[in-house]
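Enquirer: Following this line is structure.cif, made up of mmCIF, C-alpha atoms:
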data_run
loop_
_atom_site.label_atom_id
_atom_site.label_comp_id
_atom_site.auth_asym_id
_atom_site.auth_seq_id
_atom_site.Cartn_x
_atom_site.Cartn_y
_atom_site.Cartn_z
CA MET A 17 101.60 78.93 85.03
CA THR A 18 98.32 77.59 83.65
CA ARG A 19 97.90 77.73 79.87
CA THR A 20 94.65 79.44 78.93
CA GLY A 21 94.75 79.54 75.12
CA THR A 22 94.24 83.31 75.29
CA VAL A 23 96.28 86.51 75.10
CA LEU A 24 96.95 85.96 78.80
CA ASP A 25 99.52 83.29 77.89
CA GLU A 26 101.55 85.71 75.78
CA ILE A 27 101.37 88.45 78.40
CA ILE A 28 102.56 86.16 81.19
CA ALA A 29 105.40 84.80 79.04
CA GLY A 30 106.63 88.38 78.66
CA VAL A 31 106.13 89.10 82.35
CA LEU A 32 108.31 86.10 83.30
CA GLU A 33 110.98 87.12 80.79
CA ASP A 34 111.06 90.65 82.23
CA LEU A 35 111.17 89.27 85.77
CA GLU A 36 114.52 87.51 85.38
CA PRO A 37 116.73 90.63 85.08
CA ARG A 38 115.04 92.10 88.17
CA ARG A 39 115.60 88.87 90.09
CA ALA A 40 119.25 88.93 89.04
CA ARG A 41 119.69 92.53 90.23
CA ARG A 42 117.88 92.11 93.56
CA SER A 43 117.83 88.86 95.48
CA GLN A 44 114.90 87.54 97.46
CA HIS A 45 116.94 88.21 100.60
CA ASP A 46 117.32 91.87 99.61
CA LEU A 47 113.57 92.16 99.08
CA GLU A 48 112.88 90.53 102.44
CA GLN A 49 115.07 93.14 104.12
CA LEU A 50 113.17 95.94 102.40
CA VAL A 51 109.87 94.42 103.46
CA ALA A 52 111.06 94.10 107.06
CA ALA A 53 111.90 97.81 107.12
CA ALA A 54 108.71 98.93 105.39
CA ALA A 55 105.65 100.44 107.02
CA PRO A 56 102.75 97.98 107.48
CA ALA A 57 100.40 97.52 104.56
CA ARG A 58 97.24 99.61 104.54
CA ASP A 59 93.85 97.93 104.87
CA ALA A 60 92.39 97.85 101.35
CA HIS A 61 89.34 95.82 102.42
CA GLY A 62 88.55 98.40 105.09
CA ALA A 63 88.98 101.28 102.67
CA LEU A 64 86.65 99.69 100.12
CA SER A 65 83.97 98.91 102.70
CA ALA A 66 84.26 102.06 104.82
CA ASP A 67 81.23 103.81 103.32
CA GLU A 68 78.44 101.28 102.93
CA SER A 69 76.14 103.88 101.39
CA SER A 70 78.20 104.50 98.25
CA MET A 71 80.20 102.49 95.75
CA GLY A 72 83.86 101.93 96.43
CA LEU A 73 86.30 102.81 93.66
CA ILE A 74 89.71 101.45 92.75
CA ALA A 75 90.98 104.14 90.37
CA GLU A 76 93.65 102.97 87.96
CA VAL A 77 96.75 104.57 86.50
CA LYS A 78 96.66 103.00 83.04
CA ARG A 79 98.60 104.13 79.97
CA SER A 80 97.57 101.46 77.47
CA SER A 81 95.93 98.06 77.06
CA PRO A 82 96.09 95.08 74.67
CA SER A 83 92.56 95.78 73.44
CA LYS A 84 92.77 99.55 72.91
CA GLY A 85 96.47 100.31 72.56
CA SER A 86 97.62 103.70 73.86
CA LEU A 87 95.09 105.42 76.12
CA ALA A 88 96.99 108.30 77.73
CA PRO A 89 100.69 109.19 78.15
CA ILE A 90 100.50 109.87 81.93
CA PRO A 91 103.96 111.46 82.34
CA ALA A 92 103.38 111.94 86.08
CA PRO A 93 101.46 108.96 87.51
CA ALA A 94 101.77 110.30 91.06
CA ASP A 95 99.96 113.51 90.07
CA LEU A 96 97.08 111.53 88.55
CA ALA A 97 96.92 109.26 91.61
CA ALA A 98 96.77 112.30 93.87
CA ILE A 99 93.78 113.64 91.90
CA TYR A 100 92.07 110.27 92.32
CA ALA A 101 92.75 110.15 96.05
CA ASP A 102 91.83 113.78 96.67
CA HIS A 103 88.42 113.27 95.05
CA GLY A 104 87.41 110.14 96.88
CA ALA A 105 89.03 107.05 95.36
CA SER A 106 89.03 104.21 97.88
CA ALA A 107 92.28 102.79 96.50
CA ILE A 108 94.67 103.32 93.60
CA SER A 109 95.61 100.64 91.07
CA VAL A 110 98.99 100.98 89.39
CA LEU A 111 99.79 98.83 86.38
CA THR A 112 103.39 97.62 86.52
CA GLU A 113 103.38 95.38 83.41
CA ARG A 114 105.62 96.98 80.78
CA ARG A 115 105.02 95.42 77.38
CA ARG A 116 101.26 95.66 76.95
CA PHE A 117 100.33 98.28 79.55
CA GLY A 118 103.32 100.62 79.65
CA GLY A 119 103.69 100.40 83.41
CA SER A 120 106.62 99.93 85.78
CA LEU A 121 107.62 99.52 89.39
CA ASP A 122 108.86 103.12 89.19
CA ASP A 123 105.22 104.14 88.70
CA LEU A 124 104.29 102.15 91.80
CA ASP A 125 107.06 103.81 93.81
CA ALA A 126 105.97 107.27 92.72
CA VAL A 127 102.31 106.69 93.54
CA ARG A 128 103.09 105.06 96.88
CA ALA A 129 105.17 108.06 97.91
CA ARG A 130 102.37 110.46 97.02
CA VAL A 131 99.09 109.00 98.33
CA ASP A 132 97.91 107.64 101.66
CA VAL A 133 95.12 105.39 100.38
CA PRO A 134 95.80 101.69 99.71
CA VAL A 135 97.64 100.88 96.48
CA LEU A 136 97.15 97.82 94.28
CA ARG A 137 100.02 96.44 92.25
CA LYS A 138 98.16 95.50 89.06
CA ASP A 139 100.19 92.90 87.23
CA PHE A 140 100.18 89.26 86.17
CA VAL A 141 101.43 87.58 89.33
CA VAL A 142 102.51 83.97 88.89
CA ASP A 143 105.72 83.85 90.95
CA PRO A 144 106.23 84.36 94.72
CA TYR A 145 109.03 86.82 93.93
CA GLN A 146 106.44 89.19 92.44
CA VAL A 147 104.38 89.21 95.64
CA LEU A 148 107.47 89.98 97.74
CA GLU A 149 108.47 92.60 95.19
CA ALA A 150 105.03 94.23 95.45
CA ARG A 151 105.31 94.59 99.23
CA ALA A 152 108.89 95.86 98.98
CA HIS A 153 107.66 98.61 96.67
CA GLY A 154 104.86 99.60 99.03
CA ALA A 155 101.85 97.79 97.57
CA ASP A 156 99.03 96.97 99.97
CA LEU A 157 97.14 94.78 97.53
CA VAL A 158 98.05 92.44 94.68
CA LEU A 159 96.01 91.01 91.82
CA LEU A 160 95.73 87.23 91.53
CA ILE A 161 94.11 86.17 88.25
CA VAL A 162 92.44 82.79 88.74
CA ALA A 163 92.67 81.93 85.02
CA ALA A 164 96.47 82.13 85.16
CA LEU A 165 96.99 79.90 88.20
CA ASP A 166 96.28 76.31 89.18
CA ASP A 167 94.73 75.66 92.57
CA THR A 168 98.07 75.06 94.30
CA GLN A 169 99.64 78.23 92.92
CA LEU A 170 96.55 80.26 93.78
CA ALA A 171 96.47 79.00 97.36
CA GLU A 172 100.21 79.50 97.88
CA LEU A 173 100.28 83.03 96.46
CA TYR A 174 97.15 83.96 98.42
CA ALA A 175 98.73 82.66 101.64
CA GLN A 176 101.98 84.50 100.93
CA THR A 177 100.07 87.73 100.40
CA ALA A 178 98.42 87.35 103.81
CA GLU A 179 101.72 86.48 105.50
CA LEU A 180 103.15 89.77 104.22
CA GLY A 181 100.19 91.69 105.66
CA MET A 182 98.75 92.47 102.23
CA GLN A 183 95.44 91.53 100.68
CA ALA A 184 94.68 89.98 97.31
CA LEU A 185 92.08 90.92 94.75
CA VAL A 186 91.18 87.52 93.29
CA GLU A 187 90.01 88.10 89.72
CA THR A 188 87.53 85.84 87.94
CA HIS A 189 86.02 85.73 84.45
CA THR A 190 83.86 82.59 84.47
CA ALA A 191 81.57 80.60 86.75
CA GLU A 192 84.26 77.94 87.23
CA GLU A 193 86.82 80.57 88.24
CA LEU A 194 84.33 82.11 90.64
CA GLU A 195 83.83 78.73 92.29
CA ARG A 196 87.59 78.49 92.79
CA ALA A 197 87.75 81.98 94.31
CA LEU A 198 84.91 81.14 96.69
CA ALA A 199 86.61 77.86 97.66
CA LEU A 200 89.70 79.91 98.51
CA GLU A 201 87.51 82.00 100.85
CA ALA A 202 88.92 85.15 99.30
CA ASP A 203 87.96 88.42 100.99
CA LEU A 204 88.04 90.45 97.76
CA ILE A 205 86.64 88.87 94.61
CA GLY A 206 86.77 90.65 91.29
CA VAL A 207 84.58 89.79 88.32
CA ASN A 208 86.12 91.02 85.08
CA ALA A 209 83.68 91.69 82.25
CA ARG A 210 86.39 91.13 79.65
CA ASN A 211 86.40 87.94 77.58
CA LEU A 212 90.01 86.76 77.54
CA LYS A 213 89.63 85.11 74.14
CA THR A 214 88.07 88.03 72.24
CA LEU A 215 89.01 90.91 74.60
CA ASP A 216 85.43 92.16 74.26
CA VAL A 217 83.63 93.32 77.39
CA ASP A 218 80.15 92.25 78.44
CA LEU A 219 78.74 93.81 81.59
CA THR A 220 75.70 91.54 81.42
CA ARG A 221 77.87 88.43 81.70
CA ALA A 222 79.78 89.96 84.60
CA ALA A 223 76.47 90.85 86.27
CA ASP A 224 75.38 87.21 86.15
CA LEU A 225 78.53 86.17 88.03
CA LEU A 226 78.32 88.98 90.56
CA ARG A 227 74.83 87.85 91.51
CA GLU A 228 76.34 84.50 92.55
CA ILE A 229 78.74 85.98 95.11
CA PRO A 230 77.31 85.49 98.62
CA SER A 231 77.47 88.08 101.35
CA GLY A 232 80.84 88.05 103.07
CA PRO A 233 83.55 88.81 100.52
CA LEU A 234 83.60 92.20 98.87
CA ALA A 235 82.60 91.98 95.21
CA ILE A 236 84.46 94.17 92.72
CA GLY A 237 83.22 94.85 89.18
CA GLU A 238 86.06 95.19 86.69
CA SER A 239 86.03 96.51 83.11
CA ALA A 240 83.10 97.76 81.00
CA VAL A 241 82.73 101.02 82.94
CA ALA A 242 82.36 104.01 80.63
CA SER A 243 79.82 106.08 82.54
CA VAL A 244 77.91 106.52 85.79
CA THR A 245 75.22 104.30 84.29
CA ASP A 246 77.66 101.39 84.18
CA VAL A 247 78.66 101.92 87.82
CA GLU A 248 74.96 101.92 88.69
CA ALA A 249 74.53 98.65 86.77
CA TYR A 250 77.32 97.05 88.78
CA SER A 251 75.78 98.30 92.01
CA ALA A 252 72.38 96.88 91.03
CA VAL A 253 73.80 93.34 90.90
CA GLY A 254 75.61 93.55 94.21
CA ALA A 255 79.06 94.93 93.46
CA ASP A 256 80.56 96.76 96.42
CA ALA A 257 83.10 98.60 94.28
CA VAL A 258 84.38 98.99 90.75
CA LEU A 259 87.89 99.03 89.33
CA VAL A 260 88.14 101.63 86.57
CA GLY A 261 91.07 102.67 84.41
CA GLU A 262 90.26 103.62 80.83
CA ALA A 263 87.26 105.83 81.62
CA LEU A 264 89.33 107.82 84.12
CA VAL A 265 92.51 108.31 82.10
CA THR A 266 90.57 109.33 78.99
CA ALA A 267 88.14 111.60 80.83
CA GLY A 268 88.66 115.28 80.34
CA ASP A 269 88.07 115.76 84.06
CA PRO A 270 89.23 112.74 86.11
CA ALA A 271 88.48 114.52 89.38
CA ARG A 272 84.84 114.98 88.46
CA THR A 273 84.59 111.44 87.10
CA VAL A 274 85.96 109.93 90.31
CA ALA A 275 83.55 111.98 92.40
CA ASP A 276 80.60 111.00 90.20
CA TYR A 277 81.41 107.29 90.38
CA ARG A 278 81.89 107.42 94.15
CA ALA A 279 78.50 109.12 94.54
CA VAL A 280 76.64 106.10 93.12
CA PRO A 281 74.66 104.42 95.94
CA ARG A 282 75.77 100.94 96.94
CA GLN A 283 72.78 98.62 96.81
CA GLY A 284 74.37 95.62 98.46
CA ARG A 285 74.15 91.93 97.71
CA HIS A 286 70.77 90.37 96.96
CA ALA A 287 69.93 86.75 97.73
CA PRO A 288 69.64 84.62 94.57
CA GLU A 289 66.12 83.67 93.53
CA GLY A 290 64.88 80.67 95.51
CA ALA A 291 67.41 81.18 98.31
CA GLU A 292 66.24 81.42 101.89
CA GLN A 293 65.91 84.95 103.18
#
Here is a file; write its structure as structure tokens.
Expert:
Amino acid sequence: MTRTGTVLDEIIAGVLEDLEPRRARRSQHDLEQLVAAAAPARDAHGALSADESSMGLIAEVKRSSPSKGSLAPIPAPADLAAIYADHGASAISVLTERRRFGGSLDDLDAVRARVDVPVLRKDFVVDPYQVLEARAHGADLVLLIVAALDDTQLAELYAQTAELGMQALVETHTAEELERALALEADLIGVNARNLKTLDVDLTRAADLLREIPSGPLAIGESAVASVTDVEAYSAVGADAVLVGEALVTAGDPARTVADYRAVPRQGRHAPEGAEQ
């Protein structure tokens, strides 16, 4: 684990503490057997890029957050995920971190059993056991946060994800982290608008980073989406998709919100100024 001097350190410490009882109950060998018997992972990259004319959407089941506290109770995460999928979500994100986000692997199991679209296990992955655990519970995609990992950890977890037939959403917050994601040759690169030190969001800062992502990997805008206007802003700087949680779980009509976000045209990546066309 890489120390960041931010709230991320506290979250990951709790994640590792919560991991140990699960590891004691279910061995790596047991997980490997479950993975061997599981259906192949779905193609998240394909789902997010299937419709080049409109923005892709990873719709998130999210009960709470460190910055906002409780957002929505969500007693039946599978029902919410089904609404997302039925109204056009490209993929579903399920938070499985317990202490700050109120999630669980039970939520992941329930959503996986209900929807056919790809599912992201949204957690703070720093241990290979967590990647194996994600696949055993039916995840097609895992989140790898560059800020939390050194280069060796990042490369090893990324390779493990591929070996299991999954894909990784490699999340960045800064120019240096983006350089590391590009060096990894990640297929899915997320730019999170949230400042890990203050927890504030700044779509303008995220836009600057998204403009630096070359054609090739899919670019995902994360955080700072409260309206269609924000999705349009992400599209304007080359994002292929957005990951949205809070705006969906607090919306009075998540079905309509999903449909509205998916209807935003995808503008595609633009060459940086001065680059050859």
Enquirer: If the PyMOL selection byres ((chain A and resi 84) around 12) were run on this exact file, what residues would it hold? Put them as a ChimeraX atom specification.
Expert: /A:78-83,85-88,116-117,215-217,262,266
Enquirer: Can you translate the PyMOL selection byres ((chain A and resi 61-66) around 8) into the concrete residues it hits in this file, as an mmCIF file with C-alpha atoms, in the coordinates of the input?
Expert:
data_model
loop_
_atom_site.group_PDB
_atom_site.id
_atom_site.type_symbol
_atom_site.label_atom_id
_atom_site.label_comp_id
_atom_site.auth_asym_id
_atom_site.auth_seq_id
_atom_site.Cartn_x
_atom_site.Cartn_y
_atom_site.Cartn_z
ATOM 1 C CA ASP A 59 93.850 97.930 104.870
ATOM 2 C CA ALA A 60 92.390 97.850 101.350
ATOM 3 C CA ASP A 67 81.230 103.810 103.320
ATOM 4 C CA GLU A 68 78.440 101.280 102.930
ATOM 5 C CA GLY A 72 83.860 101.930 96.430
ATOM 6 C CA LEU A 73 86.300 102.810 93.660
ATOM 7 C CA SER A 106 89.030 104.210 97.880
ATOM 8 C CA ALA A 107 92.280 102.790 96.500
ATOM 9 C CA VAL A 133 95.120 105.390 100.380
ATOM 10 C CA PRO A 134 95.800 101.690 99.710
ATOM 11 C CA GLN A 183 95.440 91.530 100.680
ATOM 12 C CA ASP A 203 87.960 88.420 100.990
ATOM 13 C CA LEU A 204 88.040 90.450 97.760
ATOM 14 C CA LEU A 234 83.600 92.200 98.870
ATOM 15 C CA ASP A 256 80.560 96.760 96.420
ATOM 16 C CA ALA A 257 83.100 98.600 94.280
#
Enquirer: Got a sec to resolve the PyMOL selection byres ((chain A and resi 162-170) around 6) on this structure and send the residues as a ChimeraX atom specification?
Expert: /A:17-18,161,171-174,187-188
Enquirer: Which is closest to A:Asp246 among A:Val131, A:Ile229, A:Ala209, A:Ala275, if we use only C-alpha atoms?
Expert: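 Looking only at the distances to A:Asp246, the closest residue turns out to be A:Ala209.
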Enquirer: Report, in Å to a single decimal, how far apart atom CA of A:Val135 and atom CA of A:Arg221 are.
Expert: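 About the pair atom CA of A:Arg221 and atom CA of A:Val135: they are 27.6 Å apart.
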Enquirer: Would you work out the distance separating atom CA of A:Asp123 from atom CA of A:Ser109, expressed in Å to one decimal?
Expert: 10.5 Å
Enquirer: Which polymer residues, protein or nucleic acid, are no farther than 8 Å from (93.3, 93.8, 94.6), counting all atoms listed in the file, as a PyMOL selection string?
Expert: chain A and resi 60+136-138+157-160+183-186+204+206
Enquirer: Write out as a VMD selection string which residues come within 12 Å of stretch 148-154 of chain A when counting all atoms listed in the file, dropping same-chain ones fewer than 6 positions away.
Expert: chain A and resid 35 38 to 39 42 to 58 110 to 112 120 to 142 173 to 174 176 to 184
Enquirer: So what do you get for atom CA of A:Ala197 versus atom CA of A:Val147, distance-wise?
Expert: 18.2 Å
Enquirer: Within 12 Å of A:Glu36, counting all atoms listed in the file, which residues show up once you throw out same-chain ones fewer than 6 positions away? Write them as a compact mmCIF listing (two decimals) with C-alpha atoms, in the coordinates of the input, please.
Expert:
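What follows is the written file around-v9.txt:
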# COMPACT_ATOMS: atom_id res chain seq x y z
CA ALA A 29 105.40 84.80 79.04
CA GLY A 30 106.63 88.38 78.66
CA ARG A 42 117.88 92.11 93.56
CA SER A 43 117.83 88.86 95.48
CA ASP A 143 105.72 83.85 90.95
CA TYR A 145 109.03 86.82 93.93
CA GLN A 146 106.44 89.19 92.44
Enquirer: Near A:Thr190, within 9 Å and counting all atoms listed in the file, which residues show up once chain neighbours fewer than 2 positions away are dropped, as a list of chain:residue names?
Expert: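 These residues fall inside the cut-off: A:Ala163, A:Thr188, A:Glu192, A:Glu193, A:Leu194, A:Glu195, A:Val207, A:Asn208, A:Arg221, A:Ala222, A:Leu225.
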Enquirer: Identify the residues around (73.9, 94.8, 93.3) within a radius of 6 Å, measuring from all atoms listed in the file in the coordinates stated by the file, and give them as a list of chain:residue names.
Expert: A:Ser251, A:Ala252, A:Val253, A:Gly254, A:Ala255, A:Gln283, A:Gly284, A:Arg285
Enquirer: Rebuild N, CA, C and O atoms on stretch 24-43 of chain A, as a CSV table (one decimal), in the frame of the given file?
Expert:
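The result, written out as out-v9.csv:
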chain,number,residue,atom,x,y,z
A,24,LEU,N,96.3,86.0,77.5
A,24,LEU,CA,97.0,86.0,78.8
A,24,LEU,C,98.3,85.2,78.8
A,24,LEU,O,99.2,85.5,79.5
A,25,ASP,N,98.3,84.1,78.0
A,25,ASP,CA,99.5,83.3,77.9
A,25,ASP,C,100.7,84.1,77.4
A,25,ASP,O,101.8,84.0,77.9
A,26,GLU,N,100.5,84.9,76.3
A,26,GLU,CA,101.6,85.7,75.8
A,26,GLU,C,102.0,86.8,76.8
A,26,GLU,O,103.2,87.1,76.9
A,27,ILE,N,101.0,87.4,77.4
A,27,ILE,CA,101.4,88.4,78.4
A,27,ILE,C,102.2,87.9,79.5
A,27,ILE,O,103.3,88.5,79.9
A,28,ILE,N,101.8,86.7,80.1
A,28,ILE,CA,102.6,86.2,81.2
A,28,ILE,C,103.9,85.7,80.8
A,28,ILE,O,104.9,85.8,81.5
A,29,ALA,N,104.1,85.2,79.5
A,29,ALA,CA,105.4,84.8,79.0
A,29,ALA,C,106.3,86.0,79.1
A,29,ALA,O,107.5,85.9,79.5
A,30,GLY,N,105.8,87.2,78.6
A,30,GLY,CA,106.6,88.4,78.7
A,30,GLY,C,106.9,88.8,80.1
A,30,GLY,O,108.0,89.3,80.4
A,31,VAL,N,106.0,88.7,80.9
A,31,VAL,CA,106.1,89.1,82.4
A,31,VAL,C,107.3,88.3,83.0
A,31,VAL,O,108.1,88.8,83.7
A,32,LEU,N,107.3,87.0,82.7
A,32,LEU,CA,108.3,86.1,83.3
A,32,LEU,C,109.7,86.4,82.7
A,32,LEU,O,110.7,86.4,83.4
A,33,GLU,N,109.7,86.8,81.4
A,33,GLU,CA,111.0,87.1,80.8
A,33,GLU,C,111.5,88.4,81.4
A,33,GLU,O,112.7,88.5,81.7
A,34,ASP,N,110.6,89.4,81.6
A,34,ASP,CA,111.1,90.6,82.2
A,34,ASP,C,111.4,90.5,83.7
A,34,ASP,O,112.2,91.3,84.2
A,35,LEU,N,110.9,89.5,84.4
A,35,LEU,CA,111.2,89.3,85.8
A,35,LEU,C,112.6,88.9,86.0
A,35,LEU,O,113.2,89.3,87.0
A,36,GLU,N,113.2,88.1,85.1
A,36,GLU,CA,114.5,87.5,85.4
A,36,GLU,C,115.6,88.6,85.6
A,36,GLU,O,116.4,88.4,86.5
A,37,PRO,N,115.7,89.6,84.8
A,37,PRO,CA,116.7,90.6,85.1
A,37,PRO,C,116.5,91.3,86.4
A,37,PRO,O,117.5,91.6,87.1
A,38,ARG,N,115.3,91.5,86.9
A,38,ARG,CA,115.0,92.1,88.2
A,38,ARG,C,115.5,91.1,89.3
A,38,ARG,O,116.0,91.6,90.3
A,39,ARG,N,115.2,89.9,89.1
A,39,ARG,CA,115.6,88.9,90.1
A,39,ARG,C,117.1,88.8,90.2
A,39,ARG,O,117.7,88.6,91.3
A,40,ALA,N,117.8,89.0,89.0
A,40,ALA,CA,119.2,88.9,89.0
A,40,ALA,C,119.8,90.2,89.8
A,40,ALA,O,120.9,90.1,90.4
A,41,ARG,N,119.2,91.3,89.6
A,41,ARG,CA,119.7,92.5,90.2
A,41,ARG,C,119.4,92.6,91.7
A,41,ARG,O,120.2,93.2,92.5
A,42,ARG,N,118.3,92.0,92.2
A,42,ARG,CA,117.9,92.1,93.6
A,42,ARG,C,117.4,90.8,94.0
A,42,ARG,O,116.4,90.2,93.6
A,43,SER,N,118.1,90.2,95.0
A,43,SER,CA,117.8,88.9,95.5
A,43,SER,C,116.6,88.9,96.3
A,43,SER,O,116.1,89.9,96.8
